[in-house]
Amino acid sequence: MQYRTLGRTGVQVSSLVLGAMNFGALGRTTQDEATAIVDAALEGGINLIDTADVYSGGESEEMVGRAIAGRRDDIVLATKANMPMGDERNHQGSSRRWLVTALDDSLRRLGVDHVDLYQIHRWDPKTSDEETLSALTDLQRVGKIRYFGSSTFPAYRVVQAQWTAQDNHLSRYVTEQPSYSMLQRGVETHVLPVTEQYGLGVLAWSPLASGWLSGAVRAGREITTSRSTFMPQRFDTTILSNRARLDAVELLAKVADQAGLTMIQLALGFVTAHPAVTSAIIGPRTLGHLRSQLAAADTVLPGDVLDAIDAVVAPGVDLAAHEKNDTPPALLDPSLRRR
């Protein structure tokens with residue numbers, strides 16, 4: 001396992017992060033299975049676990065809390081808030097009112113008195129940066145969080161938040177968590193240069209592109225991944241963007257074969273090769289998945305392999321930009337782009 005400094009915090013974290021989104025109902029993972037995955041991940045050198053309040057309605061946090069009981073101090077623990085937690089209209093977003101409550105709920109589910117990294121799951125256009133950052137700064141000062149970060153923020157929002165923190169003498173986001181893979185390279189255009197400029201740590205989610213880069217998706221095979229069962233449109237190869245992904249996967253598989261690597265090693269090695277990226281978040285549903293991903297922990301791709309990847313999917317290109325969850329609100333809501 002490689003270890004890197006998380007932005008400018010001085011905290012050393014593993015180059016692979018255990019993501020717990022599949023713990024609970026979403027991944028149909030039991031507590032015993034989740035604990036076994038955590039045990040194996042820690043044994044394999046992973047020291048950062050990332051979850052969120054919204055994952056299986058809080059069940060993921062509860063499972064993580066039980067799995068790490070008695071060894072909290074050895075783990076860099078991260079969670080997130082902002083997504084809707086129920087039908088109540090104010091049980092979501094990035095207001096002070098909700099974040100104070102959401103953090104207490106997360107701490108209770110995790111069974112801890114603080115988290116190391118608290119992340120705003122998505123940019124909230126209804127809430128000012130000053131409102132959110134002042135709440136997070138206060139929560140940091142009382143010791144409930146050590147650091148805070150953003151997730152899937154457009155580059156201009158990352159910059160705006162940094163300026164707001166400076167102008168108002170508040171603590172700042174020290175990490176960003178973007179979607180990044182060989183098939184989704186758009187963040188190379190603006191987000192990653194911005195994180196480098198401001199010294200943010202980067203925890204890249206979906207480095208296997210929702211399973212497209214796991215080795216299980218190939219031309220001529222029925223797609224039977226777990227994700228395809230509840231997100232069928234994302235794997236429907238009659239859709240043009242999915243066809244483009246499948247074509248790219250076939251070419252990338254040849255690159256992996258020629259380099260003597262698995263697709264997972266190629267995919268994770270690619271993400272962690274970028275100088276702006278601190279770690280890649282893996283989200284295993286089974287021990288087998290985890291072991292295949294841990295095998296990529298020490299993968300370092302040589303220049304010719306990285307060049308071959310660039311020839312398949314050019315730098316800065318997203319093959320499925322609509323799946324990145326960072327589209328500006330005005331592109332989604334017609335009322336915001338019309339007078």
# chains A, B, ... in the order shown; residues from 1 in each chain; ligands from 1
>>> select_by_dssp(residues="stretch 27-100 of chain A", states="alpha helix (DSSP H)", output="ChimeraX atom specification")
/A:31-43,59-68,96-100
>>> residues_around(residues="A:Asp257", least_positions_apart="6", cutoff="12 Å", atoms="only C-alpha atoms", output="PyMOL selection string")
chain A and resi 215+250-251+263-266+305
>>> write_last_selection(atoms="C-alpha atoms", output="mmCIF file, in the first residue's frame")
data_model
loop_
_atom_site.group_PDB
_atom_site.id
_atom_site.type_symbol
_atom_site.label_atom_id
_atom_site.label_comp_id
_atom_site.auth_asym_id
_atom_site.auth_seq_id
_atom_site.Cartn_x
_atom_site.Cartn_y
_atom_site.Cartn_z
ATOM 1 C CA GLY A 215 -13.397 -6.651 -15.979
ATOM 2 C CA GLU A 250 -12.645 -3.329 -25.202
ATOM 3 C CA LEU A 251 -9.669 -1.179 -26.196
ATOM 4 C CA MET A 263 -8.573 -4.187 -15.713
ATOM 5 C CA ILE A 264 -8.910 -3.255 -12.052
ATOM 6 C CA GLN A 265 -5.171 -2.691 -11.725
ATOM 7 C CA LEU A 266 -5.187 -0.560 -14.864
ATOM 8 C CA VAL A 305 0.662 2.579 -20.628
#
>>> residues_around(residues="stretch 122-125 of chain A", least_positions_apart="3", cutoff="10 Å", atoms="only C-alpha atoms", output="JSON list (two decimals) with N, CA and C atoms, in the first residue's frame")
[["chain", "number", "residue", "atom", "x", "y", "z"],
["A", 80, "LYS", "N", -20.37, 11.94, 5.15],
["A", 80, "LYS", "CA", -20.88, 13.06, 4.35],
["A", 80, "LYS", "C", -22.32, 13.37, 4.75],
["A", 81, "ALA", "N", -22.74, 14.60, 4.43],
["A", 81, "ALA", "CA", -24.13, 15.02, 4.64],
["A", 81, "ALA", "C", -24.53, 15.94, 3.50],
["A", 82, "ASN", "N", -25.84, 16.17, 3.38],
["A", 82, "ASN", "CA", -26.42, 17.10, 2.41],
["A", 82, "ASN", "C", -27.56, 16.47, 1.65],
["A", 83, "MET", "N", -27.49, 15.15, 1.35],
["A", 83, "MET", "CA", -28.55, 14.49, 0.61],
["A", 83, "MET", "C", -29.81, 14.34, 1.48],
["A", 92, "GLN", "N", -32.17, 18.02, 4.78],
["A", 92, "GLN", "CA", -31.28, 17.93, 3.64],
["A", 92, "GLN", "C", -30.59, 19.27, 3.46],
["A", 93, "GLY", "N", -29.63, 19.32, 2.56],
["A", 93, "GLY", "CA", -28.98, 20.58, 2.24],
["A", 93, "GLY", "C", -27.79, 20.89, 3.13],
["A", 94, "SER", "N", -27.32, 22.13, 3.03],
["A", 94, "SER", "CA", -26.08, 22.53, 3.71],
["A", 94, "SER", "C", -26.28, 23.70, 4.65],
["A", 95, "SER", "N", -27.49, 23.86, 5.17],
["A", 95, "SER", "CA", -27.74, 24.93, 6.14],
["A", 95, "SER", "C", -27.14, 24.55, 7.49],
["A", 119, "GLN", "N", -17.79, 15.77, 4.95],
["A", 119, "GLN", "CA", -17.86, 16.28, 3.58],
["A", 119, "GLN", "C", -19.28, 16.68, 3.19],
["A", 128, "SER", "N", -25.81, 29.67, 1.09],
["A", 128, "SER", "CA", -24.58, 30.42, 0.83],
["A", 128, "SER", "C", -23.37, 29.67, 1.37],
["A", 129, "ASP", "N", -22.24, 29.92, 0.75],
["A", 129, "ASP", "CA", -20.99, 29.32, 1.23],
["A", 129, "ASP", "C", -20.69, 29.78, 2.66],
["A", 132, "THR", "N", -22.68, 27.72, 5.23],
["A", 132, "THR", "CA", -22.18, 26.35, 5.38],
["A", 132, "THR", "C", -20.82, 26.33, 6.06],
["A", 150, "SER", "N", -15.43, 18.96, 0.41],
["A", 150, "SER", "CA", -16.56, 18.99, -0.52],
["A", 150, "SER", "C", -16.57, 17.71, -1.34],
["A", 151, "SER", "N", -17.68, 17.47, -2.01],
["A", 151, "SER", "CA", -17.80, 16.30, -2.88],
["A", 151, "SER", "C", -18.57, 16.67, -4.13],
["A", 152, "THR", "N", -17.96, 16.41, -5.28],
["A", 152, "THR", "CA", -18.59, 16.61, -6.57],
["A", 152, "THR", "C", -18.98, 18.07, -6.78],
["A", 153, "PHE", "N", -18.12, 18.98, -6.33],
["A", 153, "PHE", "CA", -18.34, 20.40, -6.57],
["A", 153, "PHE", "C", -17.76, 20.78, -7.94],
["A", 154, "PRO", "N", -18.48, 21.57, -8.73],
["A", 154, "PRO", "CA", -17.86, 22.13, -9.94],
["A", 154, "PRO", "C", -16.65, 22.98, -9.55],
["A", 157, "ARG", "N", -17.20, 26.40, -8.00],
["A", 157, "ARG", "CA", -17.70, 26.39, -6.63],
["A", 157, "ARG", "C", -16.58, 26.08, -5.64],
["A", 158, "VAL", "N", -15.63, 25.26, -6.04],
["A", 158, "VAL", "CA", -14.46, 25.00, -5.19],
["A", 158, "VAL", "C", -13.71, 26.31, -4.95],
["A", 177, "GLN", "N", -14.00, 15.53, -3.40],
["A", 177, "GLN", "CA", -14.24, 14.15, -3.78],
["A", 177, "GLN", "C", -14.98, 14.12, -5.12],
["A", 325, "ASN", "N", -23.14, 14.16, -11.81],
["A", 325, "ASN", "CA", -23.83, 14.81, -10.68],
["A", 325, "ASN", "C", -23.29, 16.19, -10.34],
["A", 326, "ASP", "N", -22.64, 16.86, -11.29],
["A", 326, "ASP", "CA", -22.17, 18.21, -11.02],
["A", 326, "ASP", "C", -22.66, 19.21, -12.06],
["A", 328, "PRO", "N", -24.51, 22.20, -13.64],
["A", 328, "PRO", "CA", -25.03, 23.45, -13.09],
["A", 328, "PRO", "C", -26.55, 23.46, -13.06],
["A", 329, "PRO", "N", -27.15, 23.97, -12.00],
["A", 329, "PRO", "CA", -28.62, 23.93, -11.87],
["A", 329, "PRO", "C", -29.36, 24.52, -13.06]]
>>> select_by_dssp(residues="stretch 55-274 of chain A", states="strand (DSSP E)", output="PyMOL selection string")
chain A and resi 76-81+115-120+145-151+175-177+201-204
>>> write_last_selection(atoms="C-alpha atoms", output="CSV table (one decimal), in the first residue's frame")
chain,number,residue,atom,x,y,z
A,76,VAL,CA,-9.2,8.1,9.4
A,77,LEU,CA,-13.0,8.2,9.4
A,78,ALA,CA,-14.9,10.2,6.8
A,79,THR,CA,-18.6,10.7,6.3
A,80,LYS,CA,-20.9,13.1,4.4
A,81,ALA,CA,-24.1,15.0,4.6
A,115,VAL,CA,-15.2,12.2,12.5
A,116,ASP,CA,-11.9,13.1,10.9
A,117,LEU,CA,-13.3,14.3,7.6
A,118,TYR,CA,-16.9,15.7,7.2
A,119,GLN,CA,-17.9,16.3,3.6
A,120,ILE,CA,-20.7,18.2,1.9
A,145,ILE,CA,-15.0,17.2,13.2
A,146,ARG,CA,-11.3,17.5,12.5
A,147,TYR,CA,-11.4,18.6,8.9
A,148,PHE,CA,-14.1,19.2,6.3
A,149,GLY,CA,-14.3,18.9,2.5
A,150,SER,CA,-16.6,19.0,-0.5
A,151,SER,CA,-17.8,16.3,-2.9
A,175,THR,CA,-10.5,18.0,0.3
A,176,GLU,CA,-12.7,17.4,-2.8
A,177,GLN,CA,-14.2,14.1,-3.8
A,201,GLY,CA,-6.6,16.5,-1.1
A,202,VAL,CA,-8.5,14.5,-3.7
A,203,LEU,CA,-10.5,11.3,-3.0
A,204,ALA,CA,-11.7,10.1,-6.3
>>> closest_atom_pairs(of="stretch 184-288 of chain A", to="stretch 3-13 of chain A", cutoff="12 Å", atoms="only C-alpha atoms", output="CSV")
residue,atom,partner,partner_atom,distance
A:Thr195,CA,A:Gly7,CA,8.9
A:Glu196,CA,A:Gly7,CA,8.8
A:Gln197,CA,A:Gly7,CA,10.8
A:Tyr198,CA,A:Gly7,CA,8.9
A:Gly199,CA,A:Gly7,CA,5.4
A:Leu200,CA,A:Gly7,CA,4.6
A:Gly201,CA,A:Gly7,CA,3.7
A:Val202,CA,A:Gly7,CA,7.4
A:Leu203,CA,A:Leu6,CA,8.9
A:Thr272,CA,A:Arg4,CA,10.5
A:Pro275,CA,A:Arg4,CA,10.9
A:Ala276,CA,A:Gly7,CA,9.1
A:Val277,CA,A:Gly7,CA,9.3
A:Thr278,CA,A:Arg4,CA,6.3
A:Ser279,CA,A:Val13,CA,7.8
A:Ala280,CA,A:Val13,CA,10.8
A:Ile281,CA,A:Val13,CA,11.7
>>> residues_around(residues="A:Leu252", least_positions_apart="4", cutoff="12 Å", atoms="only C-alpha atoms", output="ChimeraX atom specification")
/A:182-183,212-215,217-218,245-248,256-259,261-267,270,305-313
>>> residues_around(residues="A:Thr225", least_positions_apart="4", cutoff="10 Å", atoms="only C-alpha atoms", output="list in words")
Ser210, Gly211, Trp212, Ser214, Ala216, Val217, Thr229, Phe230, Met231, Pro232 and Phe235 of chain A
>>> write_last_selection(atoms="N, CA, C and O atoms", output="PDB file, in the first residue's frame")
ATOM      1  N   SER A 210     -18.547   2.622 -11.990  1.00  0.00           N
ATOM      2  CA  SER A 210     -19.756   1.855 -11.650  1.00  0.00           C
ATOM      3  C   SER A 210     -19.687   0.403 -12.111  1.00  0.00           C
ATOM      4  O   SER A 210     -20.712  -0.238 -12.328  1.00  0.00           O
ATOM      5  N   GLY A 211     -18.480  -0.125 -12.257  1.00  0.00           N
ATOM      6  CA  GLY A 211     -18.316  -1.522 -12.653  1.00  0.00           C
ATOM      7  C   GLY A 211     -17.930  -1.714 -14.107  1.00  0.00           C
ATOM      8  O   GLY A 211     -17.547  -2.824 -14.504  1.00  0.00           O
ATOM      9  N   TRP A 212     -17.997  -0.668 -14.907  1.00  0.00           N
ATOM     10  CA  TRP A 212     -17.594  -0.779 -16.310  1.00  0.00           C
ATOM     11  C   TRP A 212     -16.137  -1.228 -16.437  1.00  0.00           C
ATOM     12  O   TRP A 212     -15.767  -1.902 -17.405  1.00  0.00           O
ATOM     13  N   SER A 214     -14.421  -3.048 -14.157  1.00  0.00           N
ATOM     14  CA  SER A 214     -14.123  -4.131 -13.217  1.00  0.00           C
ATOM     15  C   SER A 214     -13.607  -5.388 -13.914  1.00  0.00           C
ATOM     16  O   SER A 214     -13.117  -6.309 -13.258  1.00  0.00           O
ATOM     17  N   ALA A 216     -15.733  -7.218 -15.593  1.00  0.00           N
ATOM     18  CA  ALA A 216     -16.939  -8.035 -15.754  1.00  0.00           C
ATOM     19  C   ALA A 216     -17.778  -7.600 -16.947  1.00  0.00           C
ATOM     20  O   ALA A 216     -18.655  -8.344 -17.386  1.00  0.00           O
ATOM     21  N   VAL A 217     -17.523  -6.396 -17.454  1.00  0.00           N
ATOM     22  CA  VAL A 217     -18.300  -5.878 -18.585  1.00  0.00           C
ATOM     23  C   VAL A 217     -17.459  -5.970 -19.853  1.00  0.00           C
ATOM     24  O   VAL A 217     -16.438  -5.299 -19.983  1.00  0.00           O
ATOM     25  N   THR A 229     -28.408  -4.104 -11.957  1.00  0.00           N
ATOM     26  CA  THR A 229     -29.740  -4.580 -11.574  1.00  0.00           C
ATOM     27  C   THR A 229     -30.652  -3.442 -11.147  1.00  0.00           C
ATOM     28  O   THR A 229     -31.865  -3.520 -11.305  1.00  0.00           O
ATOM     29  N   PHE A 230     -30.083  -2.359 -10.569  1.00  0.00           N
ATOM     30  CA  PHE A 230     -30.938  -1.242 -10.156  1.00  0.00           C
ATOM     31  C   PHE A 230     -30.642   0.034 -10.932  1.00  0.00           C
ATOM     32  O   PHE A 230     -31.270   1.069 -10.703  1.00  0.00           O
ATOM     33  N   MET A 231     -29.682  -0.009 -11.859  1.00  0.00           N
ATOM     34  CA  MET A 231     -29.423   1.123 -12.747  1.00  0.00           C
ATOM     35  C   MET A 231     -29.317   0.613 -14.184  1.00  0.00           C
ATOM     36  O   MET A 231     -28.286   0.752 -14.831  1.00  0.00           O
ATOM     37  N   PRO A 232     -30.356  -0.032 -14.690  1.00  0.00           N
ATOM     38  CA  PRO A 232     -30.260  -0.679 -16.004  1.00  0.00           C
ATOM     39  C   PRO A 232     -29.925   0.279 -17.133  1.00  0.00           C
ATOM     40  O   PRO A 232     -29.207  -0.098 -18.077  1.00  0.00           O
ATOM     41  N   PHE A 235     -26.343   0.766 -18.177  1.00  0.00           N
ATOM     42  CA  PHE A 235     -25.647  -0.339 -18.844  1.00  0.00           C
ATOM     43  C   PHE A 235     -26.372  -0.809 -20.106  1.00  0.00           C
ATOM     44  O   PHE A 235     -26.021  -1.839 -20.668  1.00  0.00           O
TER      45      PHE A 235
END
>>> closest_residue(among="A:Ala209, A:Val17, A:Ile37, A:Ala244", to="A:Ile68", atoms="only C-alpha atoms")
A:Ile37
>>> closest_residue(among="A:Val100, A:Leu136, A:Ala321, A:Ala20", to="A:Arg234", atoms="only C-alpha atoms")
A:Ala321
>>> closest_residue(among="A:Leu290, A:Val187, A:Leu192, A:Ala297", to="A:Lys324", atoms="only C-alpha atoms")
A:Val187
>>> closest_residue(among="A:Gly19, A:Gly24, A:Pro207, A:Gly65", to="A:Gly111", atoms="only C-alpha atoms")
A:Gly65
>>> atom_distance(atom1="atom CA of A:Arg285", atom2="atom CA of A:Thr299")
21.7 Å
